[in-house]
Amino acid sequence: MLEAVEKLLILQDHDRRLLRLQAELANVEPQRRLVLQRRSSSEEAFESARQAVLHLETERKRLELDTEAQKALIIKYSAQQWQTRKNEEYKALTHEIEGCQAAIRKLDDQQLEVMERLEAAERNVAAATEERRLARADTDAQILQLATTETRLQKQLADAQATRSEFAATVDPLLLPRYERLLKTKGDKIIVSVERGVCGGCHMKLARQDVINTQAGRDLVQCPNCGRILYYLAGMDVKHAE
Ligand SMILES: [Zn+2]
């Protein structure tokens with residue numbers, strides 16, 4: 001195999017490692033977003049459960065005040081009944097008092113219903129509080145873990161980049177730009193083997209002369225179809241190229 005191609009194969013290994021590390025690093029942020037999403041949805045669930053309780057407590061308070069107001073009216077009408085001497089007026093006041101009593105019964109029923117809903121809402125708050133506590137603990141640990149992973153990957157990436165640059169400096173400077181152009185368009189599969197007379201990258205059948213030239217290992221051969229750099233390992237059968 002041409003020495004320059006051997007070096008490009010090693011460089012390709014470095015680049016594969018770089019790409020893998022970059023992909024892993026790029027995956028950290030979306031994971032962090034998912035974790036934060038879980039956290040904020042548990043905070044929101046807690047907040048809306050708490051709001052439901054506050055709303056019902058306000059409602060209960062309002063019903064209590066309404067009941068008090070009706071009771072006060074009954075006291076007022078009863079006092080007026082004591083003072084009046086007119087039968088019509090007395091009857092009218094009795095009617096008013098009965099109206100107040102009916103209103104109080106209705107308010108009592110409503111209060112009972114609100115109390116039941118309040119109990120359920122308080123149970124929801126307790127569950128949401130527990131869920132929030134768990135989510136906070138879990139997500140704290142996950143965020144910390146992700147930060148550790150991120151730092152480790154950043155360091156590995158920086159190291160890998162340095163090693164790659166160091167190695168790239170030993171590659172034929174005439175070949176390097178050609179390789180790097182391919183790296184941009186073909187990803188991490190640039191230096192490919194010839195097997196059974198076909199390009200290991202695009203799988204097109206190669207001309208016999210290209211296979212022979214690759215096998216000879218004197219010049220750099222690129223696949224005429226995809227442009228990838230070809231190499232040939234001993235033991236591969238050149239006859240398949242025909
Ligand atoms: Zn090809």
# chains A, B, ... in the order shown; residues from 1 in each chain; ligands from 1
>>> residues_around(residues="region 19-32 of chain A", least_positions_apart="3", cutoff="9 Å", atoms="only C-alpha atoms", output="list in words")
His14, Asp15, Arg16, Val35, Leu36, Gln37, Gln142, Ile143, Leu146, Ala147, Thr149, Glu150, Leu153, Gln154, Gln156, Leu157, Ala160, Gly187 and Asp188 of chain A
>>> write_last_selection(atoms="C-alpha atoms", output="compact mmCIF listing (two decimals), in the first residue's frame")
# COMPACT_ATOMS: atom_id res chain seq x y z
CA HIS A 14 -8.50 10.19 13.90
CA ASP A 15 -11.31 11.95 12.07
CA ARG A 16 -13.76 9.17 12.85
CA VAL A 35 -34.29 16.91 31.73
CA LEU A 36 -35.18 20.57 32.25
CA GLN A 37 -38.49 20.00 30.50
CA GLN A 142 -28.99 14.24 35.80
CA ILE A 143 -27.90 17.83 35.14
CA LEU A 146 -24.56 15.75 31.96
CA ALA A 147 -22.19 18.53 32.98
CA THR A 149 -20.06 14.14 30.61
CA GLU A 150 -19.85 17.42 28.72
CA LEU A 153 -16.14 15.02 26.09
CA GLN A 154 -14.80 18.55 25.64
CA GLN A 156 -11.40 14.28 24.92
CA LEU A 157 -12.32 16.32 21.87
CA ALA A 160 -8.27 14.29 19.88
CA GLY A 187 -18.09 12.03 5.88
CA ASP A 188 -15.73 9.59 7.54
>>> residues_around(residues="region 197-199 of chain A", least_positions_apart="3", cutoff="12 Å", atoms="only C-alpha atoms", output="compact mmCIF listing (two decimals) with N, CA, C and O atoms, in the first residue's frame")
# COMPACT_ATOMS: atom_id res chain seq x y z
N LYS A 189 -15.89 8.18 5.57
CA LYS A 189 -15.52 7.01 4.76
C LYS A 189 -14.92 7.52 3.44
O LYS A 189 -15.61 7.67 2.43
N ILE A 190 -13.62 7.80 3.51
CA ILE A 190 -12.95 8.45 2.39
C ILE A 190 -11.91 7.55 1.76
O ILE A 190 -11.77 7.47 0.56
N ILE A 191 -11.16 6.86 2.64
CA ILE A 191 -10.14 5.95 2.16
C ILE A 191 -10.78 4.56 2.18
O ILE A 191 -11.07 4.02 3.25
N VAL A 192 -11.06 4.05 1.01
CA VAL A 192 -11.83 2.80 0.96
C VAL A 192 -11.08 1.71 0.21
O VAL A 192 -10.28 1.98 -0.70
N SER A 193 -11.36 0.49 0.59
CA SER A 193 -10.67 -0.63 -0.05
C SER A 193 -11.37 -1.03 -1.35
O SER A 193 -12.56 -0.75 -1.54
N VAL A 194 -10.59 -1.64 -2.21
CA VAL A 194 -11.16 -2.22 -3.43
C VAL A 194 -11.40 -3.70 -3.13
O VAL A 194 -10.47 -4.40 -2.74
N CYS A 202 -18.65 3.65 -3.00
CA CYS A 202 -19.90 3.80 -3.76
C CYS A 202 -20.34 2.50 -4.43
O CYS A 202 -21.41 2.44 -5.02
N HIS A 203 -19.49 1.46 -4.32
CA HIS A 203 -19.80 0.12 -4.84
C HIS A 203 -19.93 0.06 -6.36
O HIS A 203 -20.57 -0.86 -6.90
N MET A 204 -19.36 1.05 -7.06
CA MET A 204 -19.34 0.99 -8.53
C MET A 204 -18.20 0.07 -8.96
O MET A 204 -17.13 0.05 -8.33
N LYS A 205 -18.43 -0.64 -10.04
CA LYS A 205 -17.37 -1.50 -10.58
C LYS A 205 -16.28 -0.62 -11.17
O LYS A 205 -16.55 0.33 -11.90
N LEU A 206 -15.03 -0.94 -10.83
CA LEU A 206 -13.91 -0.11 -11.29
C LEU A 206 -13.31 -0.68 -12.57
O LEU A 206 -13.41 -1.89 -12.84
N ALA A 207 -12.68 0.20 -13.33
CA ALA A 207 -11.95 -0.25 -14.52
C ALA A 207 -10.77 -1.10 -14.08
O ALA A 207 -10.19 -0.84 -13.01
N ARG A 208 -10.44 -2.10 -14.89
CA ARG A 208 -9.34 -3.01 -14.52
C ARG A 208 -8.06 -2.24 -14.24
O ARG A 208 -7.33 -2.56 -13.31
N GLN A 209 -7.80 -1.22 -15.07
CA GLN A 209 -6.56 -0.45 -14.90
C GLN A 209 -6.50 0.24 -13.53
O GLN A 209 -5.45 0.27 -12.91
N ASP A 210 -7.64 0.75 -13.10
CA ASP A 210 -7.69 1.39 -11.77
C ASP A 210 -7.37 0.39 -10.67
O ASP A 210 -6.67 0.69 -9.71
N VAL A 211 -7.91 -0.82 -10.82
CA VAL A 211 -7.66 -1.87 -9.82
C VAL A 211 -6.18 -2.22 -9.82
O VAL A 211 -5.56 -2.32 -8.76
N ILE A 212 -5.61 -2.36 -11.02
CA ILE A 212 -4.18 -2.71 -11.14
C ILE A 212 -3.32 -1.60 -10.52
O ILE A 212 -2.40 -1.86 -9.76
N ASN A 213 -3.68 -0.34 -10.84
CA ASN A 213 -2.91 0.79 -10.29
C ASN A 213 -3.02 0.83 -8.76
O ASN A 213 -2.03 1.11 -8.08
N THR A 214 -4.20 0.54 -8.27
CA THR A 214 -4.37 0.55 -6.82
C THR A 214 -3.51 -0.55 -6.20
O THR A 214 -2.82 -0.33 -5.21
N GLN A 215 -3.56 -1.70 -6.84
CA GLN A 215 -2.81 -2.84 -6.33
C GLN A 215 -1.30 -2.55 -6.36
O GLN A 215 -0.59 -2.89 -5.42
N VAL A 221 -4.81 6.51 -6.26
CA VAL A 221 -5.92 6.27 -7.19
C VAL A 221 -7.23 6.67 -6.52
O VAL A 221 -7.48 6.30 -5.38
N GLN A 222 -8.02 7.45 -7.26
CA GLN A 222 -9.33 7.83 -6.73
C GLN A 222 -10.41 7.15 -7.56
O GLN A 222 -10.25 6.97 -8.77
N CYS A 223 -11.49 6.80 -6.92
CA CYS A 223 -12.61 6.19 -7.65
C CYS A 223 -13.13 7.22 -8.65
O CYS A 223 -13.42 8.36 -8.27
N PRO A 224 -13.24 6.86 -9.94
CA PRO A 224 -13.71 7.85 -10.93
C PRO A 224 -15.16 8.25 -10.70
O PRO A 224 -15.60 9.29 -11.14
N ASN A 225 -15.89 7.43 -9.98
CA ASN A 225 -17.31 7.74 -9.73
C ASN A 225 -17.51 8.65 -8.52
O ASN A 225 -18.16 9.71 -8.62
N CYS A 226 -16.93 8.28 -7.37
CA CYS A 226 -17.21 9.05 -6.14
C CYS A 226 -16.02 9.87 -5.66
O CYS A 226 -16.16 10.71 -4.77
N GLY A 227 -14.84 9.61 -6.24
CA GLY A 227 -13.67 10.40 -5.87
C GLY A 227 -12.94 9.92 -4.63
O GLY A 227 -11.93 10.50 -4.24
N ARG A 228 -13.46 8.86 -3.98
CA ARG A 228 -12.79 8.37 -2.77
C ARG A 228 -11.43 7.78 -3.11
O ARG A 228 -11.21 7.32 -4.24
N ILE A 229 -10.53 7.82 -2.15
CA ILE A 229 -9.18 7.31 -2.35
C ILE A 229 -9.17 5.80 -2.09
O ILE A 229 -9.69 5.33 -1.07
N LEU A 230 -8.60 5.08 -3.05
CA LEU A 230 -8.69 3.62 -3.00
C LEU A 230 -7.40 3.00 -2.46
O LEU A 230 -6.31 3.53 -2.67
N TYR A 231 -7.56 1.89 -1.76
CA TYR A 231 -6.37 1.10 -1.40
C TYR A 231 -6.68 -0.37 -1.60
O TYR A 231 -7.84 -0.78 -1.71
N TYR A 232 -5.61 -1.09 -1.63
CA TYR A 232 -5.74 -2.51 -1.96
C TYR A 232 -4.90 -3.29 -0.98
O TYR A 232 -3.73 -2.99 -0.76
N MET A 236 -6.44 -9.63 -1.91
CA MET A 236 -7.66 -9.31 -2.66
C MET A 236 -7.42 -9.72 -4.12
O MET A 236 -6.34 -9.57 -4.65
N ASP A 237 -8.45 -10.20 -4.73
CA ASP A 237 -8.27 -10.81 -6.06
C ASP A 237 -8.52 -9.81 -7.17
O ASP A 237 -9.63 -9.33 -7.36
N VAL A 238 -7.48 -9.53 -7.94
CA VAL A 238 -7.59 -8.54 -9.01
C VAL A 238 -8.44 -9.05 -10.17
O VAL A 238 -9.04 -8.28 -10.91
N LYS A 239 -8.58 -10.36 -10.29
CA LYS A 239 -9.34 -10.92 -11.42
C LYS A 239 -10.82 -10.51 -11.39
O LYS A 239 -11.46 -10.43 -12.42
N HIS A 240 -11.31 -10.20 -10.17
CA HIS A 240 -12.71 -9.81 -10.08
C HIS A 240 -13.01 -8.50 -10.80
O HIS A 240 -14.16 -8.18 -11.03
N ALA A 241 -11.94 -7.76 -11.10
CA ALA A 241 -12.16 -6.46 -11.74
C ALA A 241 -12.54 -6.58 -13.20
O ALA A 241 -13.00 -5.62 -13.80
N GLU A 242 -12.36 -7.76 -13.77
CA GLU A 242 -12.61 -7.88 -15.21
C GLU A 242 -14.08 -7.85 -15.56
O GLU A 242 -14.91 -8.13 -14.75
>>> residues_around(residues="region 67-83 of chain A", least_positions_apart="3", cutoff="6 Å", atoms="only C-alpha atoms", output="VMD selection string")
chain A and resid 64 90 93 97 100 104
>>> write_last_selection(atoms="C-alpha atoms", output="compact mmCIF listing (two decimals), in the first residue's frame")
# COMPACT_ATOMS: atom_id res chain seq x y z
CA GLU A 64 -69.09 31.58 54.40
CA TYR A 90 -94.97 40.82 59.89
CA LEU A 93 -90.82 39.76 57.07
CA ILE A 97 -86.71 35.22 56.72
CA CYS A 100 -82.86 33.75 53.88
CA ILE A 104 -78.53 29.39 53.77
>>> closest_residue(among="A:Asp109, A:Glu3, A:Glu116, A:Asp13", to="Leu183 (chain A)", atoms="only C-alpha atoms")
A:Asp13
>>> residues_around(residues="Thr129 (chain A)", least_positions_apart="4", cutoff="10 Å", atoms="only C-alpha atoms", output="list of chain:residue names")
A:Ser42, A:Glu43, A:Ala45, A:Phe46, A:Glu47, A:Ala49, A:Arg50, A:Arg123, A:Asn124, A:Val125, A:Arg133, A:Leu134, A:Ala135
>>> write_last_selection(atoms="all heavy atoms", output="compact mmCIF listing (two decimals), in the first residue's frame")
# COMPACT_ATOMS: atom_id res chain seq x y z
N SER A 42 -43.02 19.36 36.07
CA SER A 42 -43.43 19.00 37.44
C SER A 42 -43.66 20.25 38.29
O SER A 42 -44.54 20.27 39.15
CB SER A 42 -42.40 18.07 38.09
OG SER A 42 -41.38 18.80 38.72
N GLU A 43 -42.88 21.31 38.01
CA GLU A 43 -43.11 22.59 38.72
C GLU A 43 -44.46 23.17 38.33
O GLU A 43 -45.21 23.67 39.16
CB GLU A 43 -42.01 23.62 38.37
CG GLU A 43 -40.58 23.20 38.73
CD GLU A 43 -40.23 23.35 40.21
OE1 GLU A 43 -41.03 23.96 40.94
OE2 GLU A 43 -39.19 22.79 40.62
N ALA A 45 -47.08 21.49 37.18
CA ALA A 45 -48.16 20.65 37.73
C ALA A 45 -48.41 21.02 39.20
O ALA A 45 -49.56 21.13 39.64
CB ALA A 45 -47.80 19.17 37.61
N PHE A 46 -47.31 21.23 39.92
CA PHE A 46 -47.44 21.62 41.33
C PHE A 46 -48.15 22.97 41.43
O PHE A 46 -49.08 23.15 42.21
CB PHE A 46 -46.06 21.70 42.00
CG PHE A 46 -46.11 22.36 43.34
CD1 PHE A 46 -46.53 21.66 44.46
CD2 PHE A 46 -45.78 23.71 43.48
CE1 PHE A 46 -46.60 22.28 45.70
CE2 PHE A 46 -45.86 24.34 44.72
CZ PHE A 46 -46.27 23.62 45.83
N GLU A 47 -47.72 23.91 40.61
CA GLU A 47 -48.28 25.27 40.66
C GLU A 47 -49.77 25.25 40.33
O GLU A 47 -50.57 25.93 40.99
CB GLU A 47 -47.49 26.18 39.69
CG GLU A 47 -47.83 27.67 39.80
CD GLU A 47 -47.78 28.24 41.22
OE1 GLU A 47 -46.98 27.74 42.03
OE2 GLU A 47 -48.57 29.16 41.51
N ALA A 49 -51.84 22.73 40.70
CA ALA A 49 -52.55 22.08 41.82
C ALA A 49 -52.73 23.07 42.98
O ALA A 49 -53.78 23.13 43.60
CB ALA A 49 -51.77 20.85 42.28
N ARG A 50 -51.67 23.85 43.22
CA ARG A 50 -51.73 24.82 44.32
C ARG A 50 -52.77 25.92 44.01
O ARG A 50 -53.53 26.33 44.88
CB ARG A 50 -50.33 25.45 44.48
CG ARG A 50 -50.11 26.15 45.82
CD ARG A 50 -48.70 26.71 45.86
NE ARG A 50 -48.55 27.82 44.93
CZ ARG A 50 -48.77 29.10 45.27
NH1 ARG A 50 -49.13 29.39 46.50
NH2 ARG A 50 -48.62 30.06 44.38
N ARG A 123 -55.22 16.70 48.11
CA ARG A 123 -54.52 15.43 47.82
C ARG A 123 -53.66 15.61 46.56
O ARG A 123 -52.54 15.12 46.49
CB ARG A 123 -55.53 14.29 47.63
CG ARG A 123 -56.05 13.73 48.96
CD ARG A 123 -56.71 12.37 48.76
NE ARG A 123 -57.87 12.43 47.88
CZ ARG A 123 -59.12 12.74 48.29
NH1 ARG A 123 -59.35 13.01 49.56
NH2 ARG A 123 -60.11 12.77 47.44
N ASN A 124 -54.20 16.33 45.57
CA ASN A 124 -53.42 16.59 44.35
C ASN A 124 -52.16 17.37 44.66
O ASN A 124 -51.10 17.10 44.10
CB ASN A 124 -54.26 17.39 43.34
CG ASN A 124 -55.28 16.52 42.65
OD1 ASN A 124 -55.21 15.29 42.69
ND2 ASN A 124 -56.24 17.16 42.01
N VAL A 125 -52.28 18.35 45.53
CA VAL A 125 -51.10 19.15 45.89
C VAL A 125 -50.05 18.27 46.57
O VAL A 125 -48.86 18.37 46.26
CB VAL A 125 -51.48 20.34 46.81
CG1 VAL A 125 -50.23 20.99 47.41
CG2 VAL A 125 -52.25 21.39 46.02
N ARG A 133 -40.62 16.98 44.29
CA ARG A 133 -39.42 16.68 45.09
C ARG A 133 -38.56 15.64 44.37
O ARG A 133 -37.35 15.81 44.23
CB ARG A 133 -39.85 16.14 46.46
CG ARG A 133 -38.71 15.96 47.45
CD ARG A 133 -39.18 15.29 48.74
NE ARG A 133 -39.59 13.89 48.54
CZ ARG A 133 -38.74 12.88 48.38
NH1 ARG A 133 -37.45 13.08 48.37
NH2 ARG A 133 -39.20 11.64 48.20
N LEU A 134 -39.23 14.58 43.86
CA LEU A 134 -38.50 13.53 43.14
C LEU A 134 -37.87 14.09 41.87
O LEU A 134 -36.71 13.81 41.57
CB LEU A 134 -39.45 12.37 42.78
CG LEU A 134 -39.93 11.52 43.95
CD1 LEU A 134 -40.97 10.51 43.47
CD2 LEU A 134 -38.75 10.79 44.60
N ALA A 135 -38.66 14.89 41.14
CA ALA A 135 -38.17 15.45 39.88
C ALA A 135 -36.97 16.36 40.13
O ALA A 135 -36.00 16.33 39.38
CB ALA A 135 -39.28 16.21 39.17
>>> atom_distance(atom1="CA of Val114 (chain A)", atom2="CA of Glu59 (chain A)")
7.5 Å
